[in-house]
$ cat work.cif   # mmCIF, C-alpha atoms and all ligand atoms
data_upload
loop_
_atom_site.label_atom_id
_atom_site.label_comp_id
_atom_site.auth_asym_id
_atom_site.auth_seq_id
_atom_site.Cartn_x
_atom_site.Cartn_y
_atom_site.Cartn_z
CA MET T 1 0.00 0.00 0.00
CA ALA T 2 2.80 2.39 0.94
CA GLY T 3 4.63 1.50 -2.27
CA ALA T 4 1.57 2.03 -4.42
CA LEU T 5 0.97 5.44 -2.88
CA ALA T 6 4.55 6.51 -3.48
CA VAL T 7 4.43 5.53 -7.15
CA GLY T 8 1.15 7.38 -7.51
CA ALA T 9 2.59 10.51 -5.93
CA ALA T 10 5.69 10.42 -8.10
CA ARG T 11 3.72 9.77 -11.26
CA GLY T 12 1.29 12.58 -10.51
CA VAL T 13 4.10 15.11 -10.19
CA THR T 14 5.95 13.77 -13.21
CA LEU T 15 2.89 13.99 -15.41
CA ARG T 16 2.40 17.62 -14.47
CA ALA T 17 6.07 18.23 -15.24
CA ALA T 18 5.70 16.60 -18.67
CA GLY T 19 2.86 19.00 -19.42
CA SER T 20 5.16 22.00 -18.69
CA ARG T 21 7.16 23.48 -21.57
CA ARG T 22 9.93 24.97 -19.48
CA GLY T 23 12.90 22.71 -18.69
CA ARG T 24 13.61 24.33 -15.31
CA HIS T 25 10.19 23.26 -14.12
CA VAL T 26 10.89 19.72 -15.25
CA VAL T 27 14.04 19.64 -13.11
CA ILE T 28 12.17 20.99 -10.07
CA ALA T 29 9.38 18.49 -10.69
CA ILE T 30 11.82 15.58 -10.82
CA VAL T 31 13.42 16.70 -7.54
CA VAL T 32 9.96 17.00 -5.95
CA ALA T 33 9.02 13.58 -7.31
CA VAL T 34 12.13 11.95 -5.86
CA VAL T 35 11.55 13.60 -2.48
CA ALA T 36 7.87 12.55 -2.55
CA ALA T 37 8.81 8.98 -3.45
CA VAL T 38 11.11 8.80 -0.42
CA VAL T 39 8.90 10.68 2.05
CA ALA T 40 5.47 9.24 1.17
CA PRO T 41 6.07 5.62 2.24
CA VAL T 42 7.66 6.77 5.49
CA ALA T 43 4.72 9.09 6.20
CA VAL T 44 2.20 6.35 5.45
CA VAL T 45 3.97 3.92 7.77
CA VAL T 46 4.17 6.52 10.55
CA LEU T 47 0.47 7.32 10.11
CA LEU T 48 -0.55 3.64 10.19
CA VAL T 49 1.50 2.99 13.31
CA ALA T 50 -0.09 6.01 15.01
CA VAL T 51 -3.60 4.82 14.10
CA VAL T 52 -2.96 1.28 15.35
CA VAL T 53 -1.29 2.42 18.56
CA SER T 54 -4.00 4.94 19.41
CA ALA T 55 -6.76 2.46 18.57
CA VAL T 56 -5.34 -0.39 20.62
CA THR T 57 -4.44 1.66 23.65
CA GLY T 58 -7.34 4.07 23.35
CA VAL T 59 -5.08 6.96 24.28
CA ALA T 60 -6.51 9.14 21.54
CA ASP T 61 -9.92 9.47 23.15
CA THR T 62 -9.65 8.31 26.74
CA ASP T 63 -8.54 9.76 30.05
CA SER T 64 -7.37 6.43 31.40
CA MET T 65 -7.60 2.77 30.63
CA SER T 66 -7.06 -0.44 32.55
CA VAL T 67 -7.35 -4.13 31.89
CA ALA T 68 -8.90 -6.09 34.78
CA GLU T 69 -8.00 -9.64 35.74
CA GLY T 70 -11.13 -11.13 34.21
CA GLY T 71 -10.08 -9.69 30.87
CA THR T 72 -12.52 -6.81 31.07
CA VAL T 73 -11.14 -3.57 29.75
CA SER T 74 -12.42 -0.31 31.17
CA TYR T 75 -11.68 3.25 30.23
CA ALA T 76 -12.90 6.69 31.15
CA VAL T 77 -14.04 9.46 28.86
CA ASP T 78 -15.05 12.82 30.33
CA GLY T 79 -15.57 11.29 33.75
CA SER T 80 -17.74 8.37 32.53
CA THR T 81 -16.45 4.82 32.67
CA PHE T 82 -16.89 2.43 29.77
CA VAL T 83 -16.32 -1.28 29.95
CA ASP T 84 -15.66 -3.74 27.16
CA ASN T 85 -16.39 -7.32 28.13
CA ASP T 86 -14.10 -10.26 28.52
CA PRO T 87 -12.97 -11.06 24.98
CA THR T 88 -12.92 -14.80 25.63
CA ALA T 89 -16.55 -14.98 26.83
CA ASN T 90 -17.94 -15.65 23.35
CA ALA T 91 -14.87 -17.25 21.79
CA TRP T 92 -15.44 -20.30 19.61
CA GLY T 93 -13.56 -22.69 17.36
CA GLY T 94 -10.23 -21.87 18.95
CA TYR T 95 -9.92 -18.70 16.86
CA ALA T 96 -8.82 -15.24 17.95
CA ASN T 97 -11.28 -12.35 17.89
CA GLY T 98 -11.51 -10.86 14.41
CA GLN T 99 -9.37 -13.62 12.94
CA ILE T 100 -11.98 -16.19 12.00
CA PRO T 101 -11.17 -18.00 8.74
CA ALA T 102 -13.50 -17.12 5.85
CA ALA T 103 -14.52 -20.79 5.50
CA GLU T 104 -16.02 -20.68 9.01
CA LEU T 105 -18.27 -17.72 8.19
CA CYS T 106 -21.44 -17.50 6.10
CA PRO T 107 -22.94 -14.60 4.17
CA VAL T 108 -25.93 -12.95 5.84
CA PRO T 109 -28.84 -14.22 3.65
CA THR T 110 -30.38 -10.83 2.85
CA ALA T 111 -27.12 -8.86 2.89
CA ARG T 112 -24.62 -11.24 1.34
CA TRP T 113 -21.72 -8.77 1.44
CA HIS T 114 -21.77 -9.14 5.24
CA GLN T 115 -20.52 -12.25 7.03
CA ALA T 116 -21.44 -13.83 10.36
CA ARG T 117 -21.00 -17.15 12.11
CA CYS T 118 -23.11 -19.61 10.10
CA ASP T 119 -25.73 -20.30 12.80
CA ALA T 120 -26.07 -16.55 13.46
CA ALA T 121 -26.43 -15.81 9.74
CA ALA T 122 -29.13 -18.48 9.37
CA ALA T 123 -30.98 -17.26 12.48
CA PHE T 124 -30.85 -13.70 11.16
CA GLY T 125 -32.42 -14.96 7.93
CA ASP T 126 -35.37 -16.31 9.96
CA LEU T 127 -35.54 -13.11 12.01
CA THR T 128 -35.68 -10.80 9.02
CA ALA T 129 -38.26 -13.03 7.30
CA ALA T 130 -40.54 -12.60 10.32
CA PHE T 131 -39.80 -8.86 10.35
CA LYS T 132 -40.72 -8.68 6.67
CA GLN T 133 -44.12 -10.24 7.34
CA ARG T 134 -44.84 -7.43 9.76
CA PHE T 135 -43.16 -4.46 8.04
CA GLY T 136 -43.03 -5.50 4.37
CA HIS T 137 -39.25 -5.37 4.01
CA ASP T 138 -36.09 -6.94 5.38
CA ILE T 139 -34.01 -5.48 8.20
CA THR T 140 -31.03 -3.74 6.64
CA VAL T 141 -27.62 -4.76 7.97
CA THR T 142 -24.97 -2.09 8.45
CA ASP T 143 -22.30 -4.35 9.87
CA ALA T 144 -21.86 -7.94 11.02
CA TYR T 145 -18.53 -9.79 11.25
CA ARG T 146 -15.59 -7.41 11.61
CA SER T 147 -11.97 -8.45 11.29
CA PHE T 148 -9.44 -7.26 13.84
CA VAL T 149 -7.96 -4.84 11.30
CA GLU T 150 -11.39 -3.37 10.55
CA GLN T 151 -12.01 -2.96 14.29
CA VAL T 152 -8.71 -1.10 14.62
CA GLN T 153 -9.81 1.31 11.87
CA LEU T 154 -13.26 1.73 13.42
CA LYS T 155 -11.83 2.43 16.87
CA ALA T 156 -9.58 5.08 15.36
CA SER T 157 -12.52 6.85 13.72
CA LYS T 158 -15.28 6.32 16.30
CA GLY T 159 -13.39 6.44 19.58
CA PHE T 160 -15.22 5.23 22.65
CA LEU T 161 -18.30 4.20 20.64
CA ALA T 162 -16.33 1.32 19.14
CA ALA T 163 -15.18 -1.60 21.25
CA THR T 164 -11.47 -1.99 21.88
CA PRO T 165 -10.00 -4.17 19.10
CA GLY T 166 -10.12 -7.81 20.22
CA TYR T 167 -13.09 -7.06 22.53
CA SER T 168 -15.95 -6.80 20.05
CA ASN T 169 -18.66 -9.40 19.52
CA HIS T 170 -18.48 -8.36 15.86
CA GLY T 171 -15.08 -10.06 15.93
CA TRP T 172 -16.78 -13.36 16.80
CA GLY T 173 -19.33 -12.99 13.97
CA LEU T 174 -22.09 -12.84 16.63
CA ALA T 175 -23.07 -9.14 16.54
CA PHE T 176 -25.15 -7.29 13.96
CA ASP T 177 -25.60 -3.55 13.51
CA LEU T 178 -29.05 -2.99 12.04
CA GLY T 179 -30.85 -0.28 10.11
CA SER T 180 -34.55 -0.09 9.15
CA GLY T 181 -35.49 2.09 12.12
CA MET T 182 -33.29 0.22 14.59
CA ASN T 183 -31.24 3.40 15.07
CA ASP T 184 -34.12 4.80 17.12
CA TYR T 185 -35.13 3.47 20.57
CA GLY T 186 -38.64 4.82 19.98
CA SER T 187 -39.34 3.19 16.60
CA ALA T 188 -41.92 0.47 15.95
CA ALA T 189 -39.19 -1.66 14.38
CA TYR T 190 -37.09 -1.46 17.53
CA ALA T 191 -40.08 -2.35 19.72
CA TRP T 192 -40.82 -5.33 17.48
CA LEU T 193 -37.25 -6.59 17.70
CA LYS T 194 -37.21 -6.22 21.48
CA SER T 195 -40.27 -8.41 21.87
CA ASN T 196 -39.50 -10.92 19.09
CA GLY T 197 -35.70 -11.07 18.78
CA HIS T 198 -35.32 -13.71 21.49
CA ARG T 199 -37.38 -16.16 19.44
CA TYR T 200 -34.47 -16.26 17.02
CA GLY T 201 -31.69 -16.00 19.61
CA PHE T 202 -31.16 -12.22 19.25
CA PHE T 203 -30.90 -9.92 22.23
CA HIS T 204 -29.92 -6.36 23.00
CA PRO T 205 -27.02 -6.10 25.48
CA THR T 206 -27.69 -4.20 28.71
CA TRP T 207 -24.93 -1.67 28.01
CA ALA T 208 -27.06 -0.43 25.11
CA GLU T 209 -30.33 -0.41 27.08
CA PRO T 210 -31.24 3.07 28.39
CA ASP T 211 -33.37 1.59 31.21
CA SER T 212 -30.53 -0.57 32.48
CA PRO T 213 -28.05 0.48 35.19
CA ASP T 214 -25.37 -1.01 32.90
CA PHE T 215 -26.28 1.53 30.20
CA ALA T 216 -23.10 2.97 28.69
CA LYS T 217 -23.57 3.57 24.98
CA ALA T 218 -26.68 4.60 23.05
CA GLU T 219 -26.58 1.92 20.36
CA PRO T 220 -30.14 0.78 19.60
CA TRP T 221 -28.81 -0.78 16.39
CA HIS T 222 -26.38 -3.24 17.99
CA TRP T 223 -27.84 -6.75 18.53
CA GLN T 224 -26.17 -9.99 19.48
CA PHE T 225 -26.88 -13.62 18.78
CA GLU T 226 -26.86 -16.36 21.41
CA PRO T 227 -27.40 -19.83 19.94
CA SER T 228 -28.43 -21.64 23.13
CA ALA T 229 -31.32 -19.24 23.64
CA GLN T 230 -32.45 -19.77 20.06
CA GLN T 231 -32.14 -23.52 20.47
CA ALA T 232 -34.21 -23.59 23.64
CA GLN T 233 -36.90 -21.52 21.96
CA ARG T 234 -36.92 -23.65 18.82
CA GLN T 235 -37.09 -26.95 20.70
CA ALA T 236 -39.87 -25.71 22.93
CA THR T 237 -41.86 -24.40 19.98
CA ALA T 238 -41.37 -27.55 17.91
CA GLY T 239 -42.37 -29.65 20.92
CA THR T 240 -40.28 -32.55 19.61
CA THR T 241 -37.13 -32.46 21.66
CA ASP T 242 -37.40 -31.11 25.14
CA ALA T 243 -35.53 -27.92 26.01
CA THR T 244 -32.83 -28.40 28.64
CA PRO T 245 -32.42 -26.44 31.90
CA ASP T 246 -29.15 -25.00 30.50
CA GLY T 247 -30.92 -23.86 27.36
CA ASN T 248 -33.71 -22.37 29.48
CA ARG T 249 -31.10 -20.52 31.56
CA ALA T 250 -29.49 -19.08 28.43
CA LEU T 251 -32.89 -18.04 27.15
CA GLY T 252 -33.63 -16.42 30.52
CA ARG T 253 -30.37 -14.52 30.44
CA SER T 254 -31.01 -13.10 26.98
CA MET T 255 -34.61 -12.22 27.90
CA ALA T 256 -33.45 -10.50 31.10
CA SER T 257 -30.97 -8.53 29.03
CA THR T 258 -33.64 -7.60 26.48
CA ARG T 259 -35.77 -6.39 29.37
CA GLY T 260 -32.94 -4.09 30.40
CA TRP T 261 -32.11 -5.92 33.62
CA ALA T 262 -28.45 -5.55 34.56
CA SER T 263 -26.17 -8.53 34.98
CA SER T 264 -26.48 -8.16 38.77
CA GLN T 265 -30.26 -8.58 38.41
CA TRP T 266 -29.73 -11.59 36.17
CA ALA T 267 -27.54 -13.13 38.93
CA CYS T 268 -30.48 -12.84 41.40
CA LEU T 269 -32.98 -14.28 38.90
CA GLU T 270 -30.66 -17.16 38.08
CA LYS T 271 -30.43 -18.06 41.79
CA LEU T 272 -34.14 -17.59 42.42
CA TRP T 273 -35.33 -19.92 39.66
CA THR T 274 -32.53 -22.41 40.29
CA ALA T 275 -33.91 -22.68 43.82
CA GLU T 276 -37.51 -22.86 42.59
CA SER T 277 -37.27 -25.28 39.68
CA GLY T 278 -33.66 -25.80 38.59
CA TRP T 279 -34.81 -23.99 35.39
CA ASN T 280 -36.82 -27.07 34.46
CA HIS T 281 -39.90 -25.93 32.52
CA ARG T 282 -41.69 -29.13 33.46
CA ALA T 283 -41.00 -28.84 37.19
CA ASP T 284 -44.18 -29.90 38.95
CA ASN T 285 -44.36 -29.26 42.68
CA PRO T 286 -45.51 -32.49 44.37
CA THR T 287 -47.11 -30.69 47.31
CA SER T 288 -48.80 -27.80 45.52
CA SER T 289 -50.08 -26.89 42.07
CA ALA T 290 -47.01 -24.74 41.39
CA TYR T 291 -45.53 -25.42 37.96
CA GLY T 292 -42.71 -24.54 35.59
CA ILE T 293 -39.53 -22.45 35.75
CA PRO T 294 -40.98 -19.64 37.92
CA GLN T 295 -43.17 -22.12 39.89
CA SER T 296 -46.32 -20.18 39.18
CA LEU T 297 -49.05 -21.03 41.69
CA PRO T 298 -51.15 -22.38 40.13
CA GLY T 299 -49.52 -23.10 36.75
CA GLU T 300 -52.62 -21.98 34.84
CA LYS T 301 -51.86 -18.35 35.75
CA MET T 302 -49.10 -18.44 33.12
CA ALA T 303 -51.78 -18.70 30.40
CA ALA T 304 -51.73 -14.89 30.63
CA ALA T 305 -48.40 -15.04 28.76
CA GLY T 306 -49.38 -17.73 26.24
CA ALA T 307 -51.55 -20.80 25.69
CA ASP T 308 -48.42 -22.97 25.48
CA TRP T 309 -47.44 -22.27 29.11
CA ARG T 310 -47.16 -26.00 29.91
CA THR T 311 -44.38 -26.68 27.37
CA ASN T 312 -42.79 -23.41 26.32
CA PRO T 313 -39.96 -22.06 28.53
CA ALA T 314 -40.18 -18.63 26.86
CA THR T 315 -43.85 -18.28 27.84
CA GLN T 316 -43.05 -19.27 31.43
CA ILE T 317 -40.07 -16.93 31.63
CA THR T 318 -42.11 -14.05 30.18
CA TRP T 319 -44.84 -14.62 32.75
CA GLY T 320 -42.35 -14.96 35.64
CA MET T 321 -40.52 -11.77 34.66
CA ASP T 322 -43.79 -9.85 34.38
CA TYR T 323 -44.80 -11.19 37.80
CA ILE T 324 -41.50 -10.14 39.39
CA ALA T 325 -41.51 -6.72 37.73
CA HIS T 326 -45.08 -6.07 38.78
CA ARG T 327 -44.84 -7.39 42.32
CA TYR T 328 -41.26 -6.65 43.36
CA GLY T 329 -39.79 -4.36 40.74
CA THR T 330 -36.58 -6.33 40.33
CA PRO T 331 -35.30 -9.94 40.61
CA CYS T 332 -32.95 -9.00 43.48
CA GLU T 333 -35.91 -7.63 45.46
CA ALA T 334 -37.82 -10.88 44.82
CA TRP T 335 -34.75 -12.92 45.82
CA ALA T 336 -34.45 -10.93 49.08
CA VAL T 337 -38.10 -11.62 49.90
CA TRP T 338 -37.66 -15.31 48.99
CA ASN T 339 -34.78 -15.55 51.47
CA SER T 340 -36.57 -13.63 54.20
CA HIS T 341 -38.99 -16.38 55.17
CA THR T 342 -39.21 -20.19 55.48
CA PRO T 343 -40.65 -21.99 53.68
CA HIS T 344 -39.34 -19.86 50.85
CA TRP T 345 -41.67 -18.18 48.40
CA TYR T 346 -41.86 -14.97 46.43
ZN ZN D 1 -22.26 -3.16 16.84
#
$ encode --input "work.cif" --output "C-alpha cells"
Amino acid sequence: MAGALAVGAARGVTLRAAGSRRGRHVVIAIVVAVVAAVVAPVAVVVLLVAVVVSAVTGVADTDSMSVAEGGTVSYAVDGSTFVDNDPTANAWGGYANGQIPAAELCPVPTARWHQARCDAAAAFGDLTAAFKQRFGHDITVTDAYRSFVEQVQLKASKGFLAATPGYSNHGWGLAFDLGSGMNDYGSAAYAWLKSNGHRYGFFHPTWAEPDSPDFAKAEPWHWQFEPSAQQAQRQATAGTTDATPDGNRALGRSMASTRGWASSQWACLEKLWTAESGWNHRADNPTSSAYGIPQSLPGEKMAAAGADWRTNPATQITWGMDYIAHRYGTPCEAWAVWNSHTPHWY
C-alpha cells in the first residue's frame, strides 16, 4: 500500500512536469518527485502505526484505561467509565477475535456482502423473514462480522463508541448492527425486535439499554446472537425435543438482558429460579399446584403469557418476569423476599 501510494505521488508530479514546456520546471518536478517517493512511504507507515497504537491503547480518546483480571477492559471518557467485556466470553472454534477464517463464516442471507457465524447468519435470515411479514421489508444490515484490522480502523474513527480491538462481539461474527429504524429506541421496528428477537436467539445487550443500570452507549442498532437461547426456543416451539435447563437458563439470560435488567439482576434471577425449579420448565411441585420455571401457583396463571405455558420455557419466563416486575420491581428484590422467610416463596 505504501509502495503504491509513493508511485502514484511520483507519477502525478511527473505527469504535471511533462505538461510544462519549461525545462527548469521539469528539473524541479523531478526533484519534488524523488523527495515525494522517499517521504510518502515513510509518512504512510508513521500514520498507520499512530492509528494502530492509538486504537489499541485508546489513548486518543480516553482519560485512562485499565485491563482487569477477568479480561474486562475499562476506560474513562469525560468522567464516565466504559467497559468492554471479557474477549474470551464468546470465543469459539479456537480462533482469535476478528481472525476467523472465511470458511467458518457464512454470508448474511439478505445482505450477502456481510458475514457472520453460520448459525447466526441463518438465524438472522429467519428473524428478518418474520420482520418482513410485519413491516413489508427486510431489516437492513450495516455491519456484522468485523476483522481485527477493521475494528482497529473503526476504533480510530469512532473512539469510545467502538469496542477496543479484540473485545468486540463483531469479531466473533455474533453481533449485527441494524438499520430499518433500529437506530431509534422509539421506533416500531425497535419495539418489534425487542419483543421478538429472542425467538431467534437475538438480544440487545444491557450496556445499550437506556433503562438498564449497565447503560453505557446509546446503540439501539447493535444486537447480538446467542445460539443456546435460540435452540431452547426452537425446541420448545417444535415440541419434539425437550428444552434443557441449560438452554432455558441461556434463554432467561437473553430475555433479562432484552428487558434491560443488569447482569447483577440476572444473577439474582438465576439463583431464584434455580432454587424454585432448577430452570426445568416441566418442574411440577408435588405438594402444591405450582408449575414450571418460575413455579407459578397455580400453573394456569401463566396462560396470561401464552396458551403454550405447559411446554414453552419462553412463555413461562415471560410470565415470571412480568410477575416479578409487577410485584417486586426487580429480581434481586424478589430474591431478598424469597430468602426472608421459610418456607421460601416470592
Ligand atoms: Zn455493533
$ closest_atom_pairs --input "work.cif" --of "chain T" --to "ligand ZN 1 (chain D)" --cutoff "12 Å" --atoms "only C-alpha atoms and all ligand atoms" --output "JSON lines"
{"residue": "T:Val141", "atom": "CA", "partner": "D:ZN1", "partner_atom": "ZN", "distance": 10.5}
{"residue": "T:Thr142", "atom": "CA", "partner": "D:ZN1", "partner_atom": "ZN", "distance": 8.9}
{"residue": "T:Asp143", "atom": "CA", "partner": "D:ZN1", "partner_atom": "ZN", "distance": 7.1}
{"residue": "T:Ala144", "atom": "CA", "partner": "D:ZN1", "partner_atom": "ZN", "distance": 7.5}
{"residue": "T:Tyr145", "atom": "CA", "partner": "D:ZN1", "partner_atom": "ZN", "distance": 9.4}
{"residue": "T:Arg146", "atom": "CA", "partner": "D:ZN1", "partner_atom": "ZN", "distance": 9.5}
{"residue": "T:Gln151", "atom": "CA", "partner": "D:ZN1", "partner_atom": "ZN", "distance": 10.6}
{"residue": "T:Leu154", "atom": "CA", "partner": "D:ZN1", "partner_atom": "ZN", "distance": 10.8}
{"residue": "T:Lys155", "atom": "CA", "partner": "D:ZN1", "partner_atom": "ZN", "distance": 11.8}
{"residue": "T:Lys158", "atom": "CA", "partner": "D:ZN1", "partner_atom": "ZN", "distance": 11.8}
{"residue": "T:Leu161", "atom": "CA", "partner": "D:ZN1", "partner_atom": "ZN", "distance": 9.2}
{"residue": "T:Ala162", "atom": "CA", "partner": "D:ZN1", "partner_atom": "ZN", "distance": 7.8}
{"residue": "T:Ala163", "atom": "CA", "partner": "D:ZN1", "partner_atom": "ZN", "distance": 8.5}
{"residue": "T:Thr164", "atom": "CA", "partner": "D:ZN1", "partner_atom": "ZN", "distance": 12.0}
{"residue": "T:Tyr167", "atom": "CA", "partner": "D:ZN1", "partner_atom": "ZN", "distance": 11.5}
{"residue": "T:Ser168", "atom": "CA", "partner": "D:ZN1", "partner_atom": "ZN", "distance": 8.0}
{"residue": "T:Asn169", "atom": "CA", "partner": "D:ZN1", "partner_atom": "ZN", "distance": 7.7}
{"residue": "T:His170", "atom": "CA", "partner": "D:ZN1", "partner_atom": "ZN", "distance": 6.5}
{"residue": "T:Gly171", "atom": "CA", "partner": "D:ZN1", "partner_atom": "ZN", "distance": 10.0}
{"residue": "T:Trp172", "atom": "CA", "partner": "D:ZN1", "partner_atom": "ZN", "distance": 11.6}
{"residue": "T:Gly173", "atom": "CA", "partner": "D:ZN1", "partner_atom": "ZN", "distance": 10.7}
{"residue": "T:Leu174", "atom": "CA", "partner": "D:ZN1", "partner_atom": "ZN", "distance": 9.7}
{"residue": "T:Ala175", "atom": "CA", "partner": "D:ZN1", "partner_atom": "ZN", "distance": 6.0}
{"residue": "T:Phe176", "atom": "CA", "partner": "D:ZN1", "partner_atom": "ZN", "distance": 5.8}
{"residue": "T:Asp177", "atom": "CA", "partner": "D:ZN1", "partner_atom": "ZN", "distance": 4.7}
{"residue": "T:Leu178", "atom": "CA", "partner": "D:ZN1", "partner_atom": "ZN", "distance": 8.3}
{"residue": "T:Gly179", "atom": "CA", "partner": "D:ZN1", "partner_atom": "ZN", "distance": 11.3}
{"residue": "T:Met182", "atom": "CA", "partner": "D:ZN1", "partner_atom": "ZN", "distance": 11.8}
{"residue": "T:Asn183", "atom": "CA", "partner": "D:ZN1", "partner_atom": "ZN", "distance": 11.3}
{"residue": "T:His204", "atom": "CA", "partner": "D:ZN1", "partner_atom": "ZN", "distance": 10.3}
{"residue": "T:Pro205", "atom": "CA", "partner": "D:ZN1", "partner_atom": "ZN", "distance": 10.3}
{"residue": "T:Trp207", "atom": "CA", "partner": "D:ZN1", "partner_atom": "ZN", "distance": 11.6}
{"residue": "T:Ala208", "atom": "CA", "partner": "D:ZN1", "partner_atom": "ZN", "distance": 9.9}
{"residue": "T:Lys217", "atom": "CA", "partner": "D:ZN1", "partner_atom": "ZN", "distance": 10.6}
{"residue": "T:Ala218", "atom": "CA", "partner": "D:ZN1", "partner_atom": "ZN", "distance": 10.9}
{"residue": "T:Glu219", "atom": "CA", "partner": "D:ZN1", "partner_atom": "ZN", "distance": 7.5}
{"residue": "T:Pro220", "atom": "CA", "partner": "D:ZN1", "partner_atom": "ZN", "distance": 9.2}
{"residue": "T:Trp221", "atom": "CA", "partner": "D:ZN1", "partner_atom": "ZN", "distance": 7.0}
{"residue": "T:His222", "atom": "CA", "partner": "D:ZN1", "partner_atom": "ZN", "distance": 4.3}
{"residue": "T:Trp223", "atom": "CA", "partner": "D:ZN1", "partner_atom": "ZN", "distance": 6.8}
{"residue": "T:Gln224", "atom": "CA", "partner": "D:ZN1", "partner_atom": "ZN", "distance": 8.3}
{"residue": "T:Phe225", "atom": "CA", "partner": "D:ZN1", "partner_atom": "ZN", "distance": 11.6}
$ atom_distance --input "work.cif" --atom1 "CA of Ser212 (chain T)" --atom2 "CA of Glu270 (chain T)"
17.5 Å
$ closest_atom_pairs --input "work.cif" --of "region 185-271 of chain T" --to "region 282-294 of chain T" --cutoff "12 Å" --atoms "all atoms listed in the file" --output "tab-separated table"
residue	atom	partner	partner_atom	distance
T:Ala236	CA	T:Arg282	CA	11.2
T:Asp242	CA	T:Arg282	CA	9.6
T:Ala243	CA	T:Arg282	CA	9.7
T:Thr244	CA	T:Arg282	CA	10.1
T:Pro245	CA	T:Ile293	CA	9.0
T:Asp246	CA	T:Ile293	CA	11.9
T:Asn248	CA	T:Ile293	CA	8.6
T:Arg249	CA	T:Ile293	CA	9.6
T:Leu251	CA	T:Ile293	CA	11.7
T:Gly252	CA	T:Ile293	CA	9.9
T:Leu269	CA	T:Pro294	CA	9.7
T:Glu270	CA	T:Ile293	CA	10.6
T:Lys271	CA	T:Pro294	CA	11.3
$ residues_around --input "work.cif" --residues "Gly181 (chain T)" --least-positions-apart "3" --cutoff "10 Å" --atoms "all atoms listed in the file" --output "count of residues only"
13
$ atom_distance --input "work.cif" --atom1 "CA of Trp345 (chain T)" --atom2 "CA of Pro213 (chain T)"
26.6 Å
$ atom_distance --input "work.cif" --atom1 "CA of Trp266 (chain T)" --atom2 "CA of Trp335 (chain T)"
11.0 Å
$ closest_residue --input "work.cif" --among "T:Gly306, T:Gly320, T:Pro298, T:Pro331" --to "Ser264 (chain T)" --atoms "all atoms listed in the file"
T:Pro331
$ residues_around --input "work.cif" --residues "Leu127 (chain T)" --least-positions-apart "4" --cutoff "10 Å" --atoms "all atoms listed in the file" --output "list in words"
Ala121, Ala122, Ala123, Phe131, Lys132, Asp138, Ile139, Leu193, Asn196, Gly197, His198, Arg199, Tyr200, Gly201 and Phe202 of chain T
$ closest_residue --input "work.cif" --among "T:Ala96, T:Ala334, T:Val108, T:Met255" --to "Ile317 (chain T)" --atoms "only C-alpha atoms"
T:Met255
$ decode --input "work.cif" --residues "region 159-188 of chain T" --atoms "C-alpha atoms" --output "short mmCIF file (atom, residue, chain, number, x, y, z; two decimals), in the first residue's frame"
data_model
loop_
_atom_site.label_atom_id
_atom_site.label_comp_id
_atom_site.auth_asym_id
_atom_site.auth_seq_id
_atom_site.Cartn_x
_atom_site.Cartn_y
_atom_site.Cartn_z
CA GLY T 159 -13.39 6.44 19.58
CA PHE T 160 -15.22 5.23 22.65
CA LEU T 161 -18.30 4.20 20.64
CA ALA T 162 -16.33 1.32 19.14
CA ALA T 163 -15.18 -1.60 21.25
CA THR T 164 -11.47 -1.99 21.88
CA PRO T 165 -10.00 -4.17 19.10
CA GLY T 166 -10.12 -7.81 20.22
CA TYR T 167 -13.09 -7.06 22.53
CA SER T 168 -15.95 -6.80 20.05
CA ASN T 169 -18.66 -9.40 19.52
CA HIS T 170 -18.48 -8.36 15.86
CA GLY T 171 -15.08 -10.06 15.93
CA TRP T 172 -16.78 -13.36 16.80
CA GLY T 173 -19.33 -12.99 13.97
CA LEU T 174 -22.09 -12.84 16.63
CA ALA T 175 -23.07 -9.14 16.54
CA PHE T 176 -25.15 -7.29 13.96
CA ASP T 177 -25.60 -3.55 13.51
CA LEU T 178 -29.05 -2.99 12.04
CA GLY T 179 -30.85 -0.28 10.11
CA SER T 180 -34.55 -0.09 9.15
CA GLY T 181 -35.49 2.09 12.12
CA MET T 182 -33.29 0.22 14.59
CA ASN T 183 -31.24 3.40 15.07
CA ASP T 184 -34.12 4.80 17.12
CA TYR T 185 -35.13 3.47 20.57
CA GLY T 186 -38.64 4.82 19.98
CA SER T 187 -39.34 3.19 16.60
CA ALA T 188 -41.92 0.47 15.95
#
